[in-house]
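For reference, input-v2.cif is printed below; it contains mmCIF, C-alpha atoms.
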data_input
loop_
_atom_site.label_atom_id
_atom_site.label_comp_id
_atom_site.auth_asym_id
_atom_site.auth_seq_id
_atom_site.Cartn_x
_atom_site.Cartn_y
_atom_site.Cartn_z
CA MET A 1 116.79 94.47 85.02
CA ALA A 2 113.63 92.45 85.33
CA ARG A 3 113.76 88.99 83.78
CA VAL A 4 110.73 88.49 81.55
CA LEU A 5 109.80 85.01 80.28
CA PHE A 6 107.45 84.17 77.42
CA PHE A 7 106.08 80.64 77.06
CA GLY A 8 104.43 78.80 74.18
CA LYS A 9 103.09 80.98 71.37
CA LEU A 10 104.20 84.12 73.28
CA GLY A 11 107.85 83.08 72.85
CA ASP A 12 107.40 82.91 69.08
CA LEU A 13 105.62 86.27 69.09
CA ALA A 14 108.36 87.88 71.22
CA GLY A 15 111.11 86.37 69.08
CA GLY A 16 112.64 84.65 72.11
CA ARG A 17 111.82 82.95 75.39
CA ALA A 18 113.45 85.51 77.72
CA ARG A 19 114.16 89.22 77.77
CA ASP A 20 115.84 91.47 80.32
CA ILE A 21 113.93 94.71 80.63
CA SER A 22 114.97 97.73 82.66
CA LEU A 23 112.07 99.17 84.64
CA GLY A 24 112.06 102.89 85.39
CA ALA A 25 111.32 104.23 88.87
CA GLN A 26 107.71 104.86 87.81
CA ASP A 27 107.22 101.31 86.46
CA LYS A 28 105.93 99.54 89.55
CA THR A 29 103.45 96.93 88.24
CA VAL A 30 103.07 94.19 85.63
CA SER A 31 100.77 96.55 83.76
CA ALA A 32 103.58 99.14 83.61
CA LEU A 33 105.94 96.44 82.32
CA VAL A 34 103.48 95.69 79.52
CA ASP A 35 103.45 99.40 78.66
CA VAL A 36 107.27 99.34 78.46
CA ILE A 37 107.05 96.33 76.12
CA ALA A 38 104.41 98.17 74.05
CA GLU A 39 106.92 100.92 73.22
CA GLU A 40 108.87 98.41 71.11
CA ASP A 41 106.28 95.78 70.30
CA SER A 42 102.62 96.78 70.43
CA VAL A 43 101.32 93.48 69.04
CA LEU A 44 103.08 91.48 71.77
CA ALA A 45 101.89 93.92 74.46
CA GLU A 46 98.27 93.68 73.32
CA THR A 47 98.47 89.89 73.39
CA LEU A 48 99.91 89.94 76.93
CA LYS A 49 96.78 91.80 78.08
CA GLU A 50 94.40 89.15 76.72
CA ILE A 51 92.17 87.50 79.31
CA SER A 52 93.54 84.02 78.51
CA ILE A 53 97.15 85.03 79.33
CA ARG A 54 98.23 84.34 82.91
CA CYS A 55 101.10 86.03 84.68
CA VAL A 56 103.48 84.57 87.25
CA VAL A 57 105.87 86.72 89.32
CA ASN A 58 108.72 84.89 91.07
CA GLU A 59 106.83 81.60 90.56
CA GLU A 60 103.64 82.90 92.20
CA MET A 61 100.38 83.56 90.33
CA ALA A 62 100.01 87.27 89.70
CA GLY A 63 98.04 89.81 87.67
CA LEU A 64 98.48 93.11 85.84
CA ALA A 65 98.20 95.00 89.16
CA THR A 66 100.93 92.96 90.89
CA ALA A 67 103.86 95.05 92.12
CA ILE A 68 107.24 94.28 90.54
CA SER A 69 110.80 95.61 90.52
CA ASN A 70 114.02 95.09 88.58
CA ASP A 71 114.90 92.10 90.79
CA ASP A 72 111.85 90.10 89.76
CA GLU A 73 111.16 87.35 87.25
CA ILE A 74 107.90 87.88 85.41
CA ALA A 75 106.51 85.07 83.25
CA PHE A 76 103.63 85.28 80.78
CA LEU A 77 101.74 82.04 80.15
CA PRO A 78 99.28 81.31 77.34
CA PRO A 79 96.62 78.58 77.82
CA VAL A 80 98.34 75.34 78.80
CA SER A 81 98.13 72.05 76.89
CA GLY A 82 99.72 69.02 78.47
CA GLY A 83 99.15 65.29 78.01
CA MET B 84 106.33 60.34 92.05
CA ILE B 85 106.49 63.10 89.46
CA ARG B 86 109.04 63.24 86.67
CA VAL B 87 109.29 65.86 83.93
CA SER B 88 112.11 65.01 81.58
CA GLU B 89 113.48 65.34 78.07
CA GLU B 90 114.57 61.72 78.20
CA LYS B 91 112.62 58.97 76.51
CA PHE B 92 111.12 56.43 78.88
CA ASP B 93 110.26 52.76 78.60
CA PRO B 94 106.61 52.31 79.63
CA GLY B 95 107.04 48.59 80.37
CA ALA B 96 110.01 49.14 82.66
CA GLU B 97 108.25 52.05 84.40
CA LEU B 98 105.10 50.00 84.99
CA SER B 99 107.11 47.11 86.34
CA ALA B 100 109.01 49.36 88.78
CA PHE B 101 105.74 51.01 89.81
CA GLU B 102 104.11 47.64 90.51
CA SER B 103 107.04 46.69 92.74
CA ALA B 104 106.83 50.01 94.61
CA ALA B 105 103.07 49.62 95.04
CA LYS B 106 103.37 46.12 96.42
CA GLY B 107 100.24 45.18 98.32
CA ALA B 108 97.84 47.30 96.26
CA GLY B 109 94.94 45.32 94.80
CA ALA B 110 94.55 47.49 91.71
CA VAL B 111 96.95 49.22 89.33
CA VAL B 112 95.68 51.42 86.49
CA ASN B 113 98.09 52.64 83.83
CA PHE B 114 97.47 55.23 81.13
CA LEU B 115 99.96 55.92 78.35
CA GLY B 116 99.61 58.91 76.03
CA LYS B 117 101.53 58.87 72.74
CA VAL B 118 102.33 61.38 70.02
CA ARG B 119 99.77 60.95 67.24
CA GLU B 120 100.99 60.30 63.72
CA LYS B 121 98.25 62.35 62.05
CA ALA B 122 96.78 65.79 62.72
CA GLY B 123 93.57 65.61 60.69
CA SER B 124 94.79 64.67 57.23
CA ASN B 125 98.33 65.96 57.82
CA ASP B 126 101.31 63.86 58.82
CA VAL B 127 102.88 64.95 62.12
CA SER B 128 106.68 65.15 62.03
CA ALA B 129 107.23 66.25 65.66
CA LEU B 130 105.67 67.58 68.81
CA VAL B 131 107.60 70.17 70.83
CA LEU B 132 106.74 70.43 74.52
CA GLU B 133 107.74 73.44 76.60
CA HIS B 134 107.52 73.68 80.37
CA PHE B 135 108.33 76.15 83.14
CA PRO B 136 110.92 74.36 85.32
CA GLY B 137 109.86 74.31 88.96
CA VAL B 138 106.44 75.82 88.34
CA THR B 139 105.37 72.94 86.08
CA GLU B 140 106.39 70.34 88.67
CA GLN B 141 104.50 72.29 91.35
CA SER B 142 101.38 72.44 89.16
CA ILE B 143 101.49 68.65 88.78
CA ALA B 144 102.08 68.18 92.52
CA ASP B 145 98.94 70.25 93.19
CA ILE B 146 96.93 68.08 90.81
CA GLU B 147 98.29 64.90 92.40
CA GLN B 148 97.39 66.23 95.85
CA GLN B 149 93.83 66.88 94.72
CA ALA B 150 93.57 63.28 93.48
CA ARG B 151 94.90 61.96 96.78
CA SER B 152 92.35 63.99 98.72
CA ARG B 153 89.46 62.63 96.62
CA TRP B 154 90.33 58.95 96.26
CA LYS B 155 91.99 56.31 98.38
CA VAL B 156 95.25 56.02 96.52
CA ASP B 157 98.36 54.11 97.64
CA GLU B 158 100.87 55.24 95.02
CA THR B 159 100.96 57.43 91.94
CA LEU B 160 103.43 57.89 89.12
CA ILE B 161 103.27 60.78 86.67
CA ILE B 162 105.86 60.98 83.90
CA HIS B 163 105.70 63.78 81.33
CA ARG B 164 108.11 64.33 78.48
CA VAL B 165 109.29 67.74 77.32
CA GLY B 166 111.42 68.77 74.36
CA ARG B 167 111.09 67.43 70.84
CA LEU B 168 109.15 64.17 70.41
CA ALA B 169 108.64 62.01 67.32
CA PRO B 170 105.31 60.43 66.32
CA GLY B 171 104.63 57.21 68.22
CA GLU B 172 106.78 58.19 71.22
CA PRO B 173 105.24 58.05 74.69
CA ILE B 174 104.55 61.56 75.98
CA VAL B 175 102.75 61.00 79.26
CA MET B 176 102.29 58.09 81.64
CA VAL B 177 100.02 58.00 84.67
CA CYS B 178 99.92 55.04 87.05
CA VAL B 179 97.70 54.78 90.10
CA ALA B 180 97.69 51.97 92.66
CA SER B 181 94.90 51.51 95.19
CA ALA B 182 93.27 48.81 97.26
CA HIS B 183 90.31 48.50 94.88
CA ARG B 184 89.90 49.30 91.19
CA ARG B 185 87.36 52.17 91.27
CA ASP B 186 89.69 54.55 93.13
CA ALA B 187 92.54 53.76 90.74
CA PHE B 188 90.41 54.16 87.58
CA GLU B 189 88.84 57.43 88.68
CA ALA B 190 92.03 58.97 90.06
CA ALA B 191 93.92 58.15 86.83
CA ASP B 192 91.09 59.62 84.73
CA PHE B 193 91.08 62.77 86.89
CA LEU B 194 94.88 63.12 86.71
CA MET B 195 94.85 62.95 82.92
CA ASP B 196 91.98 65.44 82.58
CA TYR B 197 93.84 67.89 84.80
CA LEU B 198 97.24 67.29 83.18
CA LYS B 199 95.58 68.27 79.88
CA THR B 200 94.05 71.49 81.15
CA GLU B 201 95.87 72.63 84.31
CA ALA B 202 99.48 71.47 84.20
CA MET B 203 102.01 74.00 82.87
CA PHE B 204 102.92 72.62 79.45
CA TRP B 205 102.76 74.17 76.00
CA LYS B 206 102.63 71.98 72.95
CA LYS B 207 103.55 72.80 69.37
CA GLU B 208 102.67 70.42 66.58
CA ILE B 209 104.87 70.34 63.51
CA SER B 210 103.16 68.73 60.55
CA THR B 211 103.05 68.81 56.75
CA SER B 212 100.77 71.86 57.06
CA GLY B 213 103.30 73.81 59.19
CA GLU B 214 103.61 74.63 62.89
CA ALA B 215 100.75 75.22 65.29
CA TRP B 216 100.50 75.73 69.05
CA ILE B 217 97.90 73.33 70.40
CA GLU B 218 95.39 74.45 73.00
CA PRO B 219 93.01 72.10 74.81
CA ARG B 220 89.90 71.20 72.83
CA ASP B 221 86.45 72.07 74.19
CA GLN B 222 86.11 68.38 74.96
CA ASP B 223 89.24 68.52 77.17
CA TYR B 224 87.80 71.41 79.22
CA LYS B 225 84.45 69.59 79.40
CA ASP B 226 86.19 66.43 80.64
CA ALA B 227 87.98 68.39 83.36
CA ARG B 228 84.78 70.20 84.38
CA ARG B 229 82.88 67.01 85.16
CA TRP B 230 85.03 66.48 88.27
CA ARG B 231 83.91 69.85 89.60
CA GLU B 232 80.26 69.30 88.71
CA GLU B 233 80.07 65.85 90.29
CA ASN B 234 81.07 67.12 93.70
#
Take the structure in the file and write it out as structure tokens.
Amino acid sequence: MARVLFFGKLGDLAGGRARDISLGAQDKTVSALVDVIAEEDSVLAETLKEISIRCVVNEEMAGLATAISNDDEIAFLPPVSGG
Amino acid sequence: MIRVSEEKFDPGAELSAFESAAKGAGAVVNFLGKVREKAGSNDVSALVLEHFPGVTEQSIADIEQQARSRWKVDETLIIHRVGRLAPGEPIVMVCVASAHRRDAFEAADFLMDYLKTEAMFWKKEISTSGEAWIEPRDQDYKDARRWREEN
């Protein structure tokens, strides 16, 4: 299972901050993960593809083309707002 | 020093400890950000701050390193609250100590601009009009951009 984290407004949209998602043998990238999410939640999946949403895999900046597996932690980050 | 915590902090005590640690510096600049009581005409009841443990601290460390490479800074302190905060509570504190005031003023200004736009925090405002995730204003991005345009 891949651990998928949603921060900020994405957590509200996903109905939770974390989800464990089982990737099939053919699901090798972040983009494929988003397609898996789309099967259950197309609105969330479309939002994850927005240009303002950043992706982090195992605490490293990543993108839709980044390779992933079931051992990875994938986080989706909306625009930040500290201070 | 960088501290991200759910615990309330006492700005006076923090500043005092920082001054002791930065003994010998000729200038100390301190900025304190607090939770506003109003969002437009609405009363704010709480601010909820989320962070990404580990990654957030690293994002702040990167920002601090950039400040240290640009200005002559002796010591820095960055405290950022997370969790649920009430109006009037301190949310962020930035202290910079340097030999002379200009480095301390500019480094503190830079740190705040980048904490607003680069550090990994997400902020939800709960007010009489409901809940809303806050994103940086155009002015915040503009403020952060001036450090890139100047150099």
Contact check, chain A to chain B, at most 12 Å, counting only C-alpha atoms, closest pairs as JSON lines:
{"residue": "A:Leu5", "atom": "CA", "partner": "B:Phe135", "partner_atom": "CA", "distance": 9.4}
{"residue": "A:Phe6", "atom": "CA", "partner": "B:Phe135", "partner_atom": "CA", "distance": 9.9}
{"residue": "A:Phe7", "atom": "CA", "partner": "B:Trp205", "partner_atom": "CA", "distance": 7.3}
{"residue": "A:Gly8", "atom": "CA", "partner": "B:Trp205", "partner_atom": "CA", "distance": 5.2}
{"residue": "A:Lys9", "atom": "CA", "partner": "B:Trp216", "partner_atom": "CA", "distance": 6.3}
{"residue": "A:Leu10", "atom": "CA", "partner": "B:Trp216", "partner_atom": "CA", "distance": 10.1}
{"residue": "A:Gly11", "atom": "CA", "partner": "B:Glu133", "partner_atom": "CA", "distance": 10.3}
{"residue": "A:Asp12", "atom": "CA", "partner": "B:Trp216", "partner_atom": "CA", "distance": 10.0}
{"residue": "A:Leu13", "atom": "CA", "partner": "B:Trp216", "partner_atom": "CA", "distance": 11.7}
{"residue": "A:Arg17", "atom": "CA", "partner": "B:Glu133", "partner_atom": "CA", "distance": 10.4}
{"residue": "A:Ala18", "atom": "CA", "partner": "B:Phe135", "partner_atom": "CA", "distance": 12.0}
{"residue": "A:Ser52", "atom": "CA", "partner": "B:Glu218", "partner_atom": "CA", "distance": 11.2}
{"residue": "A:Arg54", "atom": "CA", "partner": "B:Met203", "partner_atom": "CA", "distance": 11.0}
{"residue": "A:Val56", "atom": "CA", "partner": "B:Val138", "partner_atom": "CA", "distance": 9.3}
{"residue": "A:Val57", "atom": "CA", "partner": "B:Val138", "partner_atom": "CA", "distance": 11.0}
{"residue": "A:Asn58", "atom": "CA", "partner": "B:Val138", "partner_atom": "CA", "distance": 9.7}
{"residue": "A:Glu59", "atom": "CA", "partner": "B:Val138", "partner_atom": "CA", "distance": 6.2}
{"residue": "A:Glu60", "atom": "CA", "partner": "B:Val138", "partner_atom": "CA", "distance": 8.5}
{"residue": "A:Met61", "atom": "CA", "partner": "B:Val138", "partner_atom": "CA", "distance": 10.0}
{"residue": "A:Ile74", "atom": "CA", "partner": "B:Phe135", "partner_atom": "CA", "distance": 12.0}
{"residue": "A:Ala75", "atom": "CA", "partner": "B:Phe135", "partner_atom": "CA", "distance": 9.1}
{"residue": "A:Phe76", "atom": "CA", "partner": "B:Phe135", "partner_atom": "CA", "distance": 10.5}
{"residue": "A:Leu77", "atom": "CA", "partner": "B:Met203", "partner_atom": "CA", "distance": 8.5}
{"residue": "A:Pro78", "atom": "CA", "partner": "B:Trp205", "partner_atom": "CA", "distance": 8.1}
{"residue": "A:Pro79", "atom": "CA", "partner": "B:Glu218", "partner_atom": "CA", "distance": 6.5}
{"residue": "A:Val80", "atom": "CA", "partner": "B:Trp205", "partner_atom": "CA", "distance": 5.4}
{"residue": "A:Ser81", "atom": "CA", "partner": "B:Trp205", "partner_atom": "CA", "distance": 5.2}
{"residue": "A:Gly82", "atom": "CA", "partner": "B:Lys199", "partner_atom": "CA", "distance": 4.4}
{"residue": "A:Gly83", "atom": "CA", "partner": "B:Lys199", "partner_atom": "CA", "distance": 5.0}
| said: Residues within 7 Å of region 182-192 of chain B, please, as a PyMOL selection string. Count all atoms listed in the file; anything in the same chain fewer than 3 positions from it doesn't count. | reply: chain B and resi 108-112+150+154-156+177-179+195-196
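With CA of Asp145 (chain B) on one side and CA of Ala227 (chain B) on the other, the separation reads 14.8 Å.
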| request: Determine, counting only C-alpha atoms, which protein, DNA and RNA residues have an atom within 6 Å of an atom of region 26-41 of chain A; residues of the same chain fewer than 3 positions away are not included. Present the result as a PyMOL selection string. | output: chain A and resi 23+44-45+64-68
| said: Using only C-alpha atoms, can you tell me which of A:Ala14, A:Val4, A:Ser22, A:Glu73 comes closest to Val43 (chain A)? | reply: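 The answer is A:Ala14, which sits nearest to Val43 (chain A).
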| task | Could you check how far CA of Met1 (chain A) sits from CA of Ser69 (chain A), in Å to one decimal? | result | 8.2 Å
| task | Do a neighbour search on Asp126 (chain B) at 6 Å with all atoms listed in the file, toss out local chain neighbours closer than 2 positions, and write the hits as a list in words. | result | Lys121, Ser210 and Thr211 of chain B
| For Ile143 (chain B), the nearest of the candidates B:Leu130, B:Ile85, B:Ala122, B:Glu90, counting all atoms listed in the file |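 Closest to Ile143 (chain B) of all the choices is B:Ile85.
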Determine the residue set returned by the PyMOL selection byres ((chain A and resi 20) around 6) for the present structure, and present it as an mmCIF file with C-alpha atoms, in the frame of the given file.
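Result file is selection22.cif:
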data_model
loop_
_atom_site.group_PDB
_atom_site.id
_atom_site.type_symbol
_atom_site.label_atom_id
_atom_site.label_comp_id
_atom_site.auth_asym_id
_atom_site.auth_seq_id
_atom_site.Cartn_x
_atom_site.Cartn_y
_atom_site.Cartn_z
ATOM 1 C CA MET A 1 116.790 94.470 85.020
ATOM 2 C CA ALA A 2 113.630 92.450 85.330
ATOM 3 C CA ARG A 3 113.760 88.990 83.780
ATOM 4 C CA ARG A 19 114.160 89.220 77.770
ATOM 5 C CA ILE A 21 113.930 94.710 80.630
#
| message | Just to confirm, what's the straight-line distance from CA of Glu46 (chain A) to CA of Gly16 (chain A) in Å (one decimal)? | response | 17.0 Å
| task | Could you state which residues are captured by the PyMOL selection byres ((chain B and resi 171) around 7) in this file, as an NGL selection string? | result | :B and (117-120 or 169-170 or 172-173)
